[in-house]
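Read through the structure below, which is laid out as structure tokens, and then see the notes.
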Amino acid sequence: MMETTTLRMEEKESSLQEDENGAGFQGLYRSVQNEQVEPIEAKITGTIPDWVEGSLLRNGPGKFEVGEDEYQHWFDGLAMMLRFNIHKGKVTFQSRYLRSDSYIKAMEQNRIVMSEFGTVAHPDPCQSYFGRFLSVFVPRTFTDNCNISWMQYGDEFYTVTDGTLMRKVDHKTLETMDKVDIADRIVIHSSTSHPHTAPDGTVYSLGSRFSLQCTYNIVKIPPHDPEIQCDPLCNASILCAIPTSGIYPSFYHSFAITENYVIFVEQSAVINLLKVLYAQIFAKSYMMGLEFRKEQPARFHVVRRETGERLLDIYTSDAFLSFHHINAYEEAGHLVIDMCVYEDGTIVSSINLKDLKKGVVPERFGEARRFLFPVDEEQVKQYREGMNSSDFLPHFTGRTLMKNDGTIHCTPAVISDRNAEFPRINYDKYNGKPYRYFYCNGGELNQMIQKVDTKTVTSKGWFEKGCFPSEPMFVSAPDSTDEDDGVVLSSVVSVREDRPSFLLVLDARDFNEIARAEVDAEVAYGLHGLFVRE
């Protein structure tokens, strides 16, 4: 087995920017030239437990240039799907580009045709500025480059993004199928790429509606009924519409649920719709519309899952930006909400491809923080009388109290000893419930994967020089009783010329490597995915 290191976070970390061949993390942002349509068998080192049966599906940007055009932001590249299928201790690998309209038109015209978050497509040479202005007021074709994650609904699989378009995909062949537009069913203009699935199969999602009074809409999709032949949104409904607190709607990428509540965070990063309108008319990047307002506190909106009723709109924290919730749960009449948090919005502009390809490292990384708010009416009353979080949950190292303006304000606790991003948990058994462990990327350049103990605020990590592990995926052992009884899977991109990329298998308990499956193919780094038991 190749030389690896299982690290405790107090150990000094080696330089991660370059491997022994001098190639740095810039290798993550090279376009994948060749698809692997037919499954190829991987070379196994170690032993994969025989109970690990299924497929790790990954999705993310894989193509960053088309002809002479280049995408400008990491979030923009054309979607590439990966599948690592594990069966009886063996692994096969496949990869395909999503045949979106964005991809097909780009290949046909050998240029970027549809604009993305940070990239402006070439304007139609036949359309004047006046024509672009008029296009604002008529239906517009948005990108269906669904390059963020996967969504499972019953036995159907979709690639998704933060827009309203999804693409149905055969998850075994990675063949692109139907296009589904959420906006055809529900009046929203954006949608999270991180929906939640309750134990009964109900799916909760979140979408914004842009108008004179913008709203954040919690979408409820009932459990899949195989007798009903339609897309997953045919019976969707809006559980609750939350008006924006300010003039412009907040940016968001995820949200949280507990056994009784849905939690949406209205962040300090907002979407300036006037600038978005300007960008559309004058062919500018949509990214110019994203603004971070440090004077604007974050607001936590809480909704009852059963009725859609909103709780008091009084929960706040200092300004921050977050992409990913870790988990949330209820304890002693309070909501505990864990998130990966950034102090400001600079991370968005710092992951532009021009800098990343040059090896420029983002100056700031996120850290895991815990927020605490009372939801029990009697406790809210006691907060009004001057009590605070230490009176109810003394083990919480942050501080929650009521301010003079009537808001309940939380200074969060830090729950990881290193930076953290792309968090995953034992989702099937612990999502929305009290938990202890989460798994994430961390370290400089997120080149390490970590197991974080939120109780002791300590971590274990896996790191190998010249390798970049993707979002870690926890797979529980059958009939497990311990939270961390299982394995962690990660698709690892090697930037070393003489060593291939591989699927990494770690024992989730001690975080030691137990197997890897090397593949003789190009592997895209990607963003998110899911594990499907088969």
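As shown in the structure tokens, the chain order sets the letters A, B, ...; within each chain, residues go from 1, and ligands are also counted from 1 in the order they appear.
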
>> Can you pull out every residue from stretch 62-197 of chain A that DSSP, working from the backbone, puts in alpha helix (DSSP H), and format the result as a ChimeraX atom specification?
In response: /A:101-109,129-135

Just write the chosen residues, N, CA and C atoms, as a tab-separated table (two decimals), in the first residue's frame.
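Result file again-v4.tsv:
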chain	number	residue	atom	x	y	z
A	101	ASP	N	-28.12	20.51	-22.34
A	101	ASP	CA	-28.18	21.42	-23.48
A	101	ASP	C	-26.93	22.29	-23.52
A	102	SER	N	-26.47	22.69	-22.35
A	102	SER	CA	-25.25	23.51	-22.27
A	102	SER	C	-24.07	22.80	-22.90
A	103	TYR	N	-23.93	21.51	-22.57
A	103	TYR	CA	-22.81	20.72	-23.10
A	103	TYR	C	-22.97	20.50	-24.61
A	104	ILE	N	-24.14	20.07	-25.03
A	104	ILE	CA	-24.35	19.74	-26.44
A	104	ILE	C	-24.13	20.96	-27.34
A	105	LYS	N	-24.70	22.09	-26.95
A	105	LYS	CA	-24.54	23.30	-27.77
A	105	LYS	C	-23.09	23.78	-27.78
A	106	ALA	N	-22.43	23.66	-26.63
A	106	ALA	CA	-21.03	24.06	-26.56
A	106	ALA	C	-20.16	23.20	-27.48
A	107	MET	N	-20.42	21.89	-27.49
A	107	MET	CA	-19.63	20.99	-28.35
A	107	MET	C	-19.94	21.25	-29.83
A	108	GLU	N	-21.20	21.52	-30.14
A	108	GLU	CA	-21.58	21.76	-31.53
A	108	GLU	C	-20.94	23.05	-32.06
A	109	GLN	N	-20.89	24.08	-31.23
A	109	GLN	CA	-20.39	25.37	-31.69
A	109	GLN	C	-18.94	25.63	-31.27
A	129	TYR	N	-27.96	45.50	-27.83
A	129	TYR	CA	-28.18	45.78	-26.41
A	129	TYR	C	-29.68	45.92	-26.15
A	130	PHE	N	-30.41	46.53	-27.10
A	130	PHE	CA	-31.85	46.67	-26.92
A	130	PHE	C	-32.52	45.31	-26.87
A	131	GLY	N	-32.03	44.41	-27.74
A	131	GLY	CA	-32.59	43.06	-27.74
A	131	GLY	C	-32.31	42.34	-26.44
A	132	ARG	N	-31.12	42.54	-25.88
A	132	ARG	CA	-30.81	41.92	-24.59
A	132	ARG	C	-31.70	42.51	-23.50
A	133	PHE	N	-31.95	43.81	-23.59
A	133	PHE	CA	-32.82	44.44	-22.60
A	133	PHE	C	-34.23	43.83	-22.66
A	134	LEU	N	-34.74	43.66	-23.87
A	134	LEU	CA	-36.08	43.08	-24.00
A	134	LEU	C	-36.11	41.65	-23.49
A	135	SER	N	-34.98	40.93	-23.62
A	135	SER	CA	-34.95	39.53	-23.21
A	135	SER	C	-35.14	39.38	-21.71

>> I want to know what sits within 9 Å of stretch 471-486 of chain A, based on only C-alpha atoms, with residues of the same chain fewer than 4 positions away left out; could you give that as a VMD selection string?
In response: chain A and resid 51 to 52 56 421 to 430 435 to 441 449 to 450 490 to 491 506 to 509 526 to 531

Keeping only N, CA, C and O atoms, write those residues as a short mmCIF file (atom, residue, chain, number, x, y, z; two decimals), in the first residue's frame.
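The resulting file, result.cif, is shown below:
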data_model
loop_
_atom_site.label_atom_id
_atom_site.label_comp_id
_atom_site.auth_asym_id
_atom_site.auth_seq_id
_atom_site.Cartn_x
_atom_site.Cartn_y
_atom_site.Cartn_z
N TRP A 51 -19.70 -6.39 3.10
CA TRP A 51 -21.03 -5.79 3.22
C TRP A 51 -21.14 -4.46 2.48
O TRP A 51 -22.25 -3.91 2.36
N VAL A 52 -20.02 -3.91 1.98
CA VAL A 52 -20.08 -2.66 1.20
C VAL A 52 -20.47 -3.02 -0.23
O VAL A 52 -19.63 -3.47 -1.03
N LEU A 56 -20.82 4.53 -5.44
CA LEU A 56 -20.56 5.92 -5.08
C LEU A 56 -20.70 6.75 -6.35
O LEU A 56 -19.94 6.57 -7.31
N GLU A 421 -14.87 21.74 5.51
CA GLU A 421 -15.77 21.98 4.38
C GLU A 421 -16.20 20.64 3.80
O GLU A 421 -15.58 19.61 4.07
N PHE A 422 -17.26 20.63 3.03
CA PHE A 422 -17.87 19.42 2.47
C PHE A 422 -18.17 18.39 3.56
O PHE A 422 -17.72 17.25 3.50
N PRO A 423 -18.97 18.77 4.57
CA PRO A 423 -19.23 17.85 5.69
C PRO A 423 -20.27 16.78 5.35
O PRO A 423 -21.22 17.02 4.61
N ARG A 424 -20.08 15.61 5.90
CA ARG A 424 -21.05 14.52 5.80
C ARG A 424 -21.17 13.84 7.16
O ARG A 424 -20.23 13.85 7.95
N ILE A 425 -22.33 13.23 7.42
CA ILE A 425 -22.57 12.53 8.67
C ILE A 425 -23.14 11.14 8.37
O ILE A 425 -23.32 10.77 7.21
N ASN A 426 -23.40 10.38 9.43
CA ASN A 426 -24.17 9.14 9.31
C ASN A 426 -25.62 9.56 9.09
O ASN A 426 -26.43 9.61 10.01
N TYR A 427 -25.93 9.91 7.84
CA TYR A 427 -27.18 10.61 7.52
C TYR A 427 -28.42 9.77 7.82
O TYR A 427 -29.39 10.27 8.40
N ASP A 428 -28.41 8.51 7.42
CA ASP A 428 -29.61 7.70 7.53
C ASP A 428 -30.10 7.58 8.98
O ASP A 428 -31.30 7.53 9.23
N LYS A 429 -29.18 7.54 9.93
CA LYS A 429 -29.56 7.31 11.31
C LYS A 429 -29.50 8.56 12.19
O LYS A 429 -30.12 8.60 13.25
N TYR A 430 -28.75 9.59 11.76
CA TYR A 430 -28.51 10.71 12.66
C TYR A 430 -28.87 12.08 12.09
O TYR A 430 -28.71 13.08 12.78
N TYR A 435 -25.97 13.91 17.52
CA TYR A 435 -24.90 13.15 16.89
C TYR A 435 -23.58 13.60 17.48
O TYR A 435 -23.50 14.59 18.22
N ARG A 436 -22.52 12.89 17.13
CA ARG A 436 -21.20 13.24 17.67
C ARG A 436 -20.17 13.50 16.58
O ARG A 436 -19.34 14.40 16.71
N TYR A 437 -20.20 12.74 15.49
CA TYR A 437 -19.13 12.78 14.50
C TYR A 437 -19.61 13.34 13.16
O TYR A 437 -20.74 13.10 12.74
N PHE A 438 -18.72 14.07 12.51
CA PHE A 438 -18.92 14.35 11.09
C PHE A 438 -17.60 14.20 10.36
O PHE A 438 -16.52 14.20 10.96
N TYR A 439 -17.68 14.04 9.06
CA TYR A 439 -16.52 13.78 8.20
C TYR A 439 -16.46 14.89 7.18
O TYR A 439 -17.49 15.31 6.63
N CYS A 440 -15.26 15.39 6.88
CA CYS A 440 -15.17 16.57 6.03
C CYS A 440 -13.78 16.66 5.40
O CYS A 440 -12.87 15.90 5.73
N ASN A 441 -13.65 17.61 4.49
CA ASN A 441 -12.33 18.01 3.99
C ASN A 441 -11.78 19.09 4.89
O ASN A 441 -12.53 19.86 5.50
N ILE A 449 -8.81 14.64 4.54
CA ILE A 449 -10.16 14.34 5.00
C ILE A 449 -10.07 14.03 6.49
O ILE A 449 -9.09 13.45 6.97
N GLN A 450 -11.12 14.44 7.21
CA GLN A 450 -11.07 14.42 8.66
C GLN A 450 -12.31 13.76 9.24
O GLN A 450 -13.40 13.84 8.67
N SER A 490 -14.00 7.91 -0.35
CA SER A 490 -13.63 9.19 -0.98
C SER A 490 -12.96 8.92 -2.31
O SER A 490 -12.06 8.07 -2.40
N SER A 491 -13.41 9.63 -3.32
CA SER A 491 -12.76 9.59 -4.63
C SER A 491 -11.55 10.52 -4.57
O SER A 491 -11.69 11.71 -4.32
N LEU A 506 -11.77 3.99 4.14
CA LEU A 506 -11.26 4.13 5.50
C LEU A 506 -12.21 3.47 6.49
O LEU A 506 -13.43 3.48 6.29
N ASP A 507 -11.64 2.89 7.56
CA ASP A 507 -12.45 2.45 8.68
C ASP A 507 -12.90 3.70 9.42
O ASP A 507 -12.08 4.47 9.92
N ALA A 508 -14.20 3.94 9.50
CA ALA A 508 -14.70 5.19 10.08
C ALA A 508 -14.39 5.30 11.56
O ALA A 508 -14.37 6.41 12.10
N ARG A 509 -14.13 4.19 12.25
CA ARG A 509 -13.90 4.25 13.68
C ARG A 509 -12.51 4.80 14.01
O ARG A 509 -12.38 5.74 14.79
N GLY A 526 -14.63 17.01 -8.75
CA GLY A 526 -16.05 17.08 -8.45
C GLY A 526 -16.38 17.86 -7.19
O GLY A 526 -15.53 18.44 -6.53
N LEU A 527 -17.67 17.85 -6.87
CA LEU A 527 -18.18 18.57 -5.71
C LEU A 527 -18.89 17.65 -4.73
O LEU A 527 -18.44 17.46 -3.61
N HIS A 528 -20.02 17.06 -5.16
CA HIS A 528 -20.82 16.26 -4.23
C HIS A 528 -21.26 14.95 -4.86
O HIS A 528 -21.09 14.73 -6.06
N GLY A 529 -21.87 14.11 -4.03
CA GLY A 529 -22.36 12.84 -4.52
C GLY A 529 -23.21 12.14 -3.49
O GLY A 529 -23.61 12.70 -2.48
N LEU A 530 -23.48 10.85 -3.75
CA LEU A 530 -24.22 10.03 -2.81
C LEU A 530 -23.84 8.57 -3.01
O LEU A 530 -23.27 8.19 -4.03
N PHE A 531 -24.13 7.77 -1.99
CA PHE A 531 -23.88 6.33 -2.08
C PHE A 531 -25.21 5.62 -2.20
O PHE A 531 -26.14 5.88 -1.42
#

>> I need the residue nearest A:Glu116 from this list: A:Leu239, A:Leu78, A:Met151, A:Ile337. Use only C-alpha atoms for the distance.
In response: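 Between A:Leu239, A:Leu78, A:Met151, A:Ile337, the residue approaching A:Glu116 most closely is A:Leu78.
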
Report as a Markdown table the residues of stretch 258-369 of chain A within 10 Å of stretch 396-417 of chain A, each with its shortest atom pair and distance in Å (one decimal), using only C-alpha atoms, ordered by chain and increasing residue number.
| residue | atom | partner | partner_atom | distance |
| --- | --- | --- | --- | --- |
| A:Pro297 | CA | A:His409 | CA | 9.5 |
| A:Ala298 | CA | A:His409 | CA | 9.7 |
| A:Arg299 | CA | A:His409 | CA | 9.3 |
| A:Phe300 | CA | A:His409 | CA | 9.9 |
| A:Leu312 | CA | A:Thr407 | CA | 9.5 |
| A:Asp313 | CA | A:Thr407 | CA | 8.2 |
| A:Ile314 | CA | A:Thr407 | CA | 4.5 |
| A:Tyr315 | CA | A:Ile408 | CA | 5.0 |
| A:Thr316 | CA | A:His409 | CA | 4.8 |
| A:Ser317 | CA | A:Cys410 | CA | 5.1 |
| A:Asp318 | CA | A:Thr411 | CA | 7.3 |
| A:Val336 | CA | A:Phe396 | CA | 9.7 |
| A:Ile337 | CA | A:Pro412 | CA | 9.5 |
| A:Asp338 | CA | A:Ile415 | CA | 8.4 |
| A:Met339 | CA | A:Ile415 | CA | 9.5 |
| A:Cys340 | CA | A:Ser416 | CA | 9.8 |
| A:Val341 | CA | A:Val414 | CA | 9.9 |
| A:Glu367 | CA | A:Ser416 | CA | 7.0 |
| A:Ala368 | CA | A:Ile415 | CA | 5.6 |
| A:Arg369 | CA | A:Val414 | CA | 4.4 |

> Using only C-alpha atoms, which residues sit within 8 Å of A:Glu534 once same-chain residues fewer than 4 positions away are excluded, as a list of chain:residue names?
Replying inline: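 Answer for this query is A:Glu53, A:Gly54, A:Ser55.
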
> When distances are computed from only C-alpha atoms, which of A:Ala236, A:Val270, A:Ile86, A:Cys230 shows the smallest separation from A:Ile40?
Replying inline: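 Of A:Ala236, A:Val270, A:Ile86, A:Cys230, the one nearest A:Ile40 is A:Ile86, counting only C-alpha atoms.
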
>> Could you check the closest approach to A:Ala332 for each of A:Ile257, A:Val348, A:Val375, A:Val160 and tell me which residue wins, using only C-alpha atoms?
In response: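 Under the stated criterion, the closest residue is A:Val375.
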
> Smallest atom-to-atom distance to A:Trp74: which of A:Ser268, A:Ser31, A:Asn419, A:Gln379, using only C-alpha atoms?
Replying inline: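 Ranked by minimum distance to A:Trp74, first place goes to A:Ser31.
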
> For A:Lys220, which residue among A:Val203, A:Leu335, A:Leu233, A:Met448 is the nearest when counting only C-alpha atoms?
Replying inline: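 So, comparing all the options, the nearest one is A:Val203.
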